[in-house]
Structures are given as C-alpha cells and as structure tokens.
Amino acid sequence: MFNNSSKIMFLLILMMGTIISISTNSWLSTWMGLEINLLSFIPLMSDGKLMSTESSLKYFLIQALASSMFLFSIILFLLNSNEIMNYFMEMMIFSSLILKVGSAPFHFWFPNVMEGLSWMNALILMTWQKIAPLMLISYIINKPLIIMSIIFSTLIGALGGLNQTSLQKLMSYSSINHLGWMLMALYGGNILWLIYFLFYSFLSFSMVFFFYMFKISHINQLFSLFFYSKILKFFFFFNLLSLGGLPPFLGFLPKWMVIQMLSINNQLFLLTFMLMMTLITLYFYIRLTYSAFMLNYYEINWMNYCLYKNSKMMMFMNISFISSFGLFIISSLYFLF
C-alpha cells in the first residue's frame with residue numbers, strides 16, 4: 001500500500017473524511033464527511049483480485065444504503081418540529097449509523113466484506129472506519145436501541161466465530177463482539193470509549209500484523225507455522241488472550257474499566273451476560289493454538305536462530321511484549337508516580 005502514491009493519497013482523503021465528520025457542527029457536513037470517507041476507501045479495497053472487488057461492491061452498496069437513510073433522516077429531522085417525529089428520526093439516524101459501523105443486528109455484511117479484503121484493508125475497516133459512526137452515535141444515544149445493539153453484538157460476535165475457519169471472518173466476529181463493549185463504553189462516556197478503542201486498535205494491529213507477515217488467511221495454515229519457534233508460538237498465544245481480554249494481559253485493562261462502570265451503575269445482569277459472551281470468544285481464540293500445544297508437536301531447532309533477524313519480526317516481538325506485559329508496566333508506573 002505504502003509503495004503506491006495513489007493509495008497514500010486515498011488514505012489521506014479517507015482520514016480527512018473522518019476528521020470532517022467528527023469535527024463539524026452540522027449534520028449535513030457529517031454526511032458529507034462520511035461520503036468522502038466511503039468514496040476514498042473503495043479504491044483502497046480494490047486491488048485487482050476478484051474477492052476484493054466483490055467485497056468493495058458489497059461495502060459500497062451497504063454504505064450507500066446507510067448514507068441515504070442517514071441523509072433522509074436528517075432532512076426530516078430538520079423539517080419537523082413534532083416531538084414524536086423527532087424521536088423516530090433519531091431512531092432512524094441511530095439505525096443508519098449502526099448499519100455503517102457493522103454492529104448487530106445489522107452486522108450481516110461485515111464478515112462477508114472482511115473475508116475478501118487484504119489484511120491491511122481489514123485492519124482499516126476494523127479500526128479507523130469505526131471512528132466517525134461511533135462518534136456520531138455518541139451525539140444521539142438512544143438507550144433502548146443501544147442496549148439492544150450491545151446485547152446482540154456481544155452475543156452474535158461470540159457465537160458467530162465458533163464455526164469459522166477463515167481468520168478474516170473470525171477477526172470480524174471478534175470485532176463485532178468488541179463493538180458491543182465499545183458501545184457500552186460509549187454509553188459510559190466518550191473518554192472511556194476512546195481508551196477502549198485505542199487499546200482495541202493496538203491489539204488488533206498486533207494480530208493483523210502477524211497474519212500479514214506470514215500471509216495467513218485460514219486456521220489450517222497455522223498448523224505448520226507453529227513448528228518454527230517456541231517464542232513465536234507463545235507470543236501469538238499471549239496476543240490472542242490479550243485480545244480476548246483475559247487478565248493479566250493488556251487487553252483486560254479497557255474491559256476492566258467498562259466492568260467498573262457497569263458495577264457502579266448497578267447493571268449486573270448486563271455485565272454478567274457480556275462476560276459470559278467474552279468467555280466464548282476466548283474459547284475460539286484458544287482453539288487457534290490447539291495445534292501448537294497439543295497436536296503433532298515437534299520443532300526444527302536449527303530454524304530458531306534465523307527467524308528473528310527480520311525487522312518485521314522484531315517489530316512484532318516488541319508489540320507482543322507490550323500486549324502481554326503492558327498491564328504490569330502501567331500498574332508499575334501508576335504506583336511509582
């Protein structure tokens with residue numbers, strides 16, 4: 001991507017579209033920013049392969065539908081002064097934004113689009129493309145709808161990933177589950193959501209960078225990969241557990257903050273349900289490493305030395321170290337200062 005000047009240009013326009021959406025004070029300008037963002041992401045998705053072209057078309061159609069709903073809602077919202085009509089318009093705006101971000105129950109397009117994308121485009125779709133819709137959702141939080149979306153997202157994100165063999169689809173269902181937690185964090189306040197989103201983006205980057213580096217797209221490709229090195233195997237496993245939010249890894253910290261917020265607000269049923277669904281996601285993360293720890297285990301010892309001379313591998317090791325031991329580092333700094 002970074003060797004192509006036109007791709008860099010579209011990436012900058014994509015970022016500009018998001019910044020326009022979140023910084024403007026007019027609904028019409030936010031719609032314009034979302035459209036700029038959409039039209040600049042389509043060329044990034046299309047890299048000449050059949051699957052990516054199909055994914056870009058699906059993405060365009062879904063986003064165009066959501067944008068037309070959004071524009072129709074804000075026009076009616078501006079024209080009507082009736083309180084009941086305004087409430088329904090807010091519901092329509094909220095639904096169109098949920099469709100844009102790929103949250104349940106409007107999530108059906110998200111795994112299918114993710115499956116056809118390259119890893120770097122998938123990372124953009126999982127992280128950057130969520131910023132503008134989630135910020136706009138924070139302006140019009142509708143309590144019944146956001147609670148419904150949180151419950152469906154955590155449930156579908158957990159159960160949908162159980163029977164997946166494609167890693168892109170598995171990461172997409174993981175993203176839907178995390179989106180439920182992000183909406184819950186958004187319900188608690190913008191700062192909490194921002195912290196959760198930053199941690200989630202970092203952990204997603206660590207996993208996507210690993211898959212991109214070894215050109216892995218399916219679970220069966222992991223079987224032979226794990227025979228390279230003990231260190232690689234354990235860091236991959238720690239990254240998965242961190243992404244799942246298991247203590248004492250870094251990924252537990254944002255979940256811990258959301259858990260505290262829910263317990264303070266006395267929403268114990270919702271908290272228990274979300275934690276149970278997260279345990280299911282941890283199950284299918286652990287399933288990825290069965291082959292390394294249980295099945296046909298052997299090692300080619302003489303390959304351990306030539307693996308870590310690559311700069312990408314060193315970068316992955318540094319990211320993995322932060323992901324695995326970041327909570328200890330943050331705790332130490334907190335007590336020191």
# chains A, B, ... in the order shown; residues from 1 in each chain; ligands from 1
>>> residues_around(residues="Phe210 (chain A)", least_positions_apart="4", cutoff="9 Å", atoms="only C-alpha atoms", output="list in words")
Phe205, Ser206, Phe214, Lys215, Ile216, Phe236, Met313 and Phe316 of chain A
>>> write_last_selection(atoms="N, CA and C atoms", output="short mmCIF file (atom, residue, chain, number, x, y, z; two decimals), in the first residue's frame")
data_model
loop_
_atom_site.label_atom_id
_atom_site.label_comp_id
_atom_site.auth_asym_id
_atom_site.auth_seq_id
_atom_site.Cartn_x
_atom_site.Cartn_y
_atom_site.Cartn_z
N PHE A 205 -4.07 -4.50 15.69
CA PHE A 205 -2.89 -4.31 14.84
C PHE A 205 -1.86 -5.40 15.08
N SER A 206 -1.65 -5.78 16.33
CA SER A 206 -0.66 -6.81 16.64
C SER A 206 -1.03 -8.15 16.00
N PHE A 214 3.06 -13.39 7.86
CA PHE A 214 3.20 -14.79 7.44
C PHE A 214 2.21 -15.18 6.35
N LYS A 215 1.43 -14.19 5.85
CA LYS A 215 0.45 -14.43 4.76
C LYS A 215 -0.50 -15.58 5.10
N ILE A 216 -1.15 -15.45 6.26
CA ILE A 216 -2.07 -16.48 6.74
C ILE A 216 -3.50 -15.98 6.61
N PHE A 236 2.26 -15.37 20.10
CA PHE A 236 0.99 -15.42 19.37
C PHE A 236 -0.15 -15.76 20.32
N MET A 313 9.80 -9.01 12.11
CA MET A 313 9.67 -9.93 13.24
C MET A 313 10.04 -9.24 14.55
N PHE A 316 7.14 -7.13 15.54
CA PHE A 316 6.07 -7.96 16.10
C PHE A 316 6.39 -8.37 17.54
#
>>> select_by_dssp(residues="region 140-267 of chain A", states="helix (DSSP H, G or I)", output="count of residues only")
98
>>> closest_residue(among="A:Leu246, A:Phe106, A:Leu279, A:Leu192", to="Gln260 (chain A)", atoms="only C-alpha atoms")
A:Leu192
>>> closest_residue(among="A:Ile191, A:Lys58, A:Met261, A:Asn142", to="Phe88 (chain A)", atoms="only C-alpha atoms")
A:Asn142
>>> atom_distance(atom1="CA of Leu167 (chain A)", atom2="CA of Tyr212 (chain A)")
11.2 Å
>>> residues_around(residues="region 322-328 of chain A", least_positions_apart="3", cutoff="9 Å", atoms="only C-alpha atoms", output="list in words")
Phe202, Leu203, Ser206, Phe235, Phe238, Asn239, Leu241, Ser242, Leu243, Pro247, Pro248, Phe249, Leu250, Gly251, Phe252, Leu253, Met317, Asn318, Ile319, Ser331, Ser332 and Leu333 of chain A
>>> atom_distance(atom1="CA of Ser6 (chain A)", atom2="CA of Leu38 (chain A)")
15.9 Å
>>> atom_distance(atom1="CA of Lys255 (chain A)", atom2="CA of Leu155 (chain A)")
16.3 Å
>>> closest_residue(among="A:Leu262, A:Ile231, A:Met69, A:Ala104", to="Ile176 (chain A)", atoms="only C-alpha atoms")
A:Ala104
>>> closest_residue(among="A:Met9, A:Met207, A:Leu99, A:Met184", to="Thr154 (chain A)", atoms="only C-alpha atoms")
A:Met184
>>> residues_around(residues="Leu34 (chain A)", least_positions_apart="6", cutoff="12 Å", atoms="only C-alpha atoms", output="NGL selection string")
:A and (13-24 or 27-28 or 40-41 or 63-64 or 66-68 or 70-71 or 96-97 or 100-101 or 129-136)
>>> write_last_selection(atoms="C-alpha atoms", output="JSON list (two decimals), in the first residue's frame")
[["chain", "number", "residue", "atom", "x", "y", "z"],
["A", 13, "ILE", "CA", -8.52, 11.60, 1.91],
["A", 14, "LEU", "CA", -10.09, 8.78, 3.97],
["A", 15, "MET", "CA", -8.60, 10.26, 7.15],
["A", 16, "MET", "CA", -9.75, 13.73, 6.10],
["A", 17, "GLY", "CA", -13.34, 12.49, 5.63],
["A", 18, "THR", "CA", -13.38, 11.05, 9.17],
["A", 19, "ILE", "CA", -11.95, 14.28, 10.64],
["A", 20, "ILE", "CA", -14.62, 16.35, 8.80],
["A", 21, "SER", "CA", -17.38, 14.11, 10.22],
["A", 22, "ILE", "CA", -16.27, 14.30, 13.84],
["A", 23, "SER", "CA", -15.28, 17.98, 13.91],
["A", 24, "THR", "CA", -18.22, 19.67, 12.18],
["A", 27, "TRP", "CA", -25.49, 17.06, 10.33],
["A", 28, "LEU", "CA", -25.20, 17.73, 6.60],
["A", 40, "SER", "CA", -11.82, 7.10, -0.74],
["A", 41, "PHE", "CA", -11.94, 3.65, 0.88],
["A", 63, "GLN", "CA", -22.74, 2.11, 2.95],
["A", 64, "ALA", "CA", -24.76, 3.84, 0.21],
["A", 66, "ALA", "CA", -26.91, 3.60, 5.23],
["A", 67, "SER", "CA", -25.90, 7.04, 3.90],
["A", 68, "SER", "CA", -29.23, 7.51, 2.09],
["A", 70, "PHE", "CA", -28.91, 8.97, 7.26],
["A", 71, "LEU", "CA", -29.48, 11.85, 4.80],
["A", 96, "SER", "CA", -28.20, 4.02, 9.90],
["A", 97, "LEU", "CA", -25.04, 4.61, 11.96],
["A", 100, "LYS", "CA", -22.48, 1.79, 8.88],
["A", 101, "VAL", "CA", -20.33, 0.54, 11.73],
["A", 129, "GLN", "CA", -13.78, 3.14, 9.80],
["A", 130, "LYS", "CA", -15.49, 2.81, 13.19],
["A", 131, "ILE", "CA", -14.38, 6.23, 14.49],
["A", 132, "ALA", "CA", -16.84, 8.55, 12.68],
["A", 133, "PRO", "CA", -20.04, 6.46, 13.13],
["A", 134, "LEU", "CA", -19.31, 5.81, 16.82],
["A", 135, "MET", "CA", -18.62, 9.49, 17.48],
["A", 136, "LEU", "CA", -21.92, 10.39, 15.78]]
>>> closest_residue(among="A:Met314, A:Ile98, A:Leu123, A:Ile280", to="Gly157 (chain A)", atoms="only C-alpha atoms")
A:Ile280
>>> residues_around(residues="Met148 (chain A)", least_positions_apart="3", cutoff="10 Å", atoms="only C-alpha atoms", output="list of chain:residue names")
A:Ala104, A:Pro105, A:Lys143, A:Pro144, A:Leu145, A:Ile151, A:Phe152, A:Ser153, A:Gly180
>>> closest_residue(among="A:Pro111, A:Pro43, A:Pro254, A:Gly188", to="Ser175 (chain A)", atoms="only C-alpha atoms")
A:Pro111
